[in-house]
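Please read the structure below before turning to the comments.
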Amino acid sequence: MSNFVPNKVFLRGVLLHYFNMKKSAAESHRILVEVYGDHALSERTCQKWFARFKSGDFDLEDQERAGCPRKFEDAELEALLDEDPCQTQEELALSLEVTLITL
């Protein structure tokens, strides 16, 4: 058996393939579980993605949501640390406009 662990974007691409093959969300979920076991998306998640595909949205990335922490590149953090390596985590989080957990 392979050691491959699929990420969520990969699995969404597989779902889009099944959607284009006219499979149902439930059938697609069963196939994902058969192939990827515990790494498969939940049936409810498959249903949500099929609804999104039916609406014409084929973007496989997460949509921005209110309250969702802003993602930042490590380069931003490295640049701040290069400027002043003595900054606290709180100061860095404030500068990057992210939560401490995100940092």
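How things are named: the first chain in the structure tokens is A, the next is B, and so on; residues count from 1 in each chain; ligands count from 1 in the order shown.
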
* Spatial neighbours of Leu15 of chain A, 12 Å, only C-alpha atoms, chain gap at least 5 places, as a ChimeraX atom specification -> /A:8-10,20-32,40-43,45-53,58-60

Based on the selection just made, write C-alpha atoms of those residues as a short mmCIF file (atom, residue, chain, number, x, y, z; two decimals), in the first residue's frame.
data_model
loop_
_atom_site.label_atom_id
_atom_site.label_comp_id
_atom_site.auth_asym_id
_atom_site.auth_seq_id
_atom_site.Cartn_x
_atom_site.Cartn_y
_atom_site.Cartn_z
CA LYS A 8 -7.86 18.48 0.77
CA VAL A 9 -7.25 20.29 -2.54
CA PHE A 10 -6.20 17.00 -4.17
CA ASN A 20 -17.83 15.63 -14.33
CA MET A 21 -18.36 11.87 -14.68
CA LYS A 22 -21.96 12.40 -13.43
CA LYS A 23 -21.39 10.50 -10.19
CA SER A 24 -23.44 11.46 -7.13
CA ALA A 25 -21.88 12.99 -4.04
CA ALA A 26 -22.74 9.84 -2.06
CA GLU A 27 -21.18 7.53 -4.64
CA SER A 28 -18.10 9.74 -4.85
CA HIS A 29 -17.77 9.63 -1.07
CA ARG A 30 -17.96 5.83 -1.07
CA ILE A 31 -15.17 5.67 -3.66
CA LEU A 32 -13.00 8.12 -1.69
CA ALA A 40 -11.30 10.71 2.70
CA LEU A 41 -13.54 13.76 2.94
CA SER A 42 -16.77 13.37 4.92
CA GLU A 43 -19.98 12.70 3.02
CA THR A 45 -18.18 17.80 2.72
CA CYS A 46 -18.63 15.95 -0.58
CA GLN A 47 -22.23 17.18 -0.74
CA LYS A 48 -21.14 20.78 -0.11
CA TRP A 49 -18.52 20.60 -2.88
CA PHE A 50 -20.98 19.05 -5.34
CA ALA A 51 -23.42 21.91 -4.61
CA ARG A 52 -20.60 24.37 -5.26
CA PHE A 53 -19.73 22.67 -8.57
CA PHE A 58 -14.99 25.11 -9.81
CA ASP A 59 -12.31 26.81 -7.69
CA LEU A 60 -10.84 24.12 -5.44
#

* To do: as a PyMOL selection string, list the residues of segment 16-102 of chain A assigned to alpha helix (DSSP H) by DSSP on the backbone atoms of this structure.
  => chain A and resi 16-20+25-36+43-54+74-83+89-96
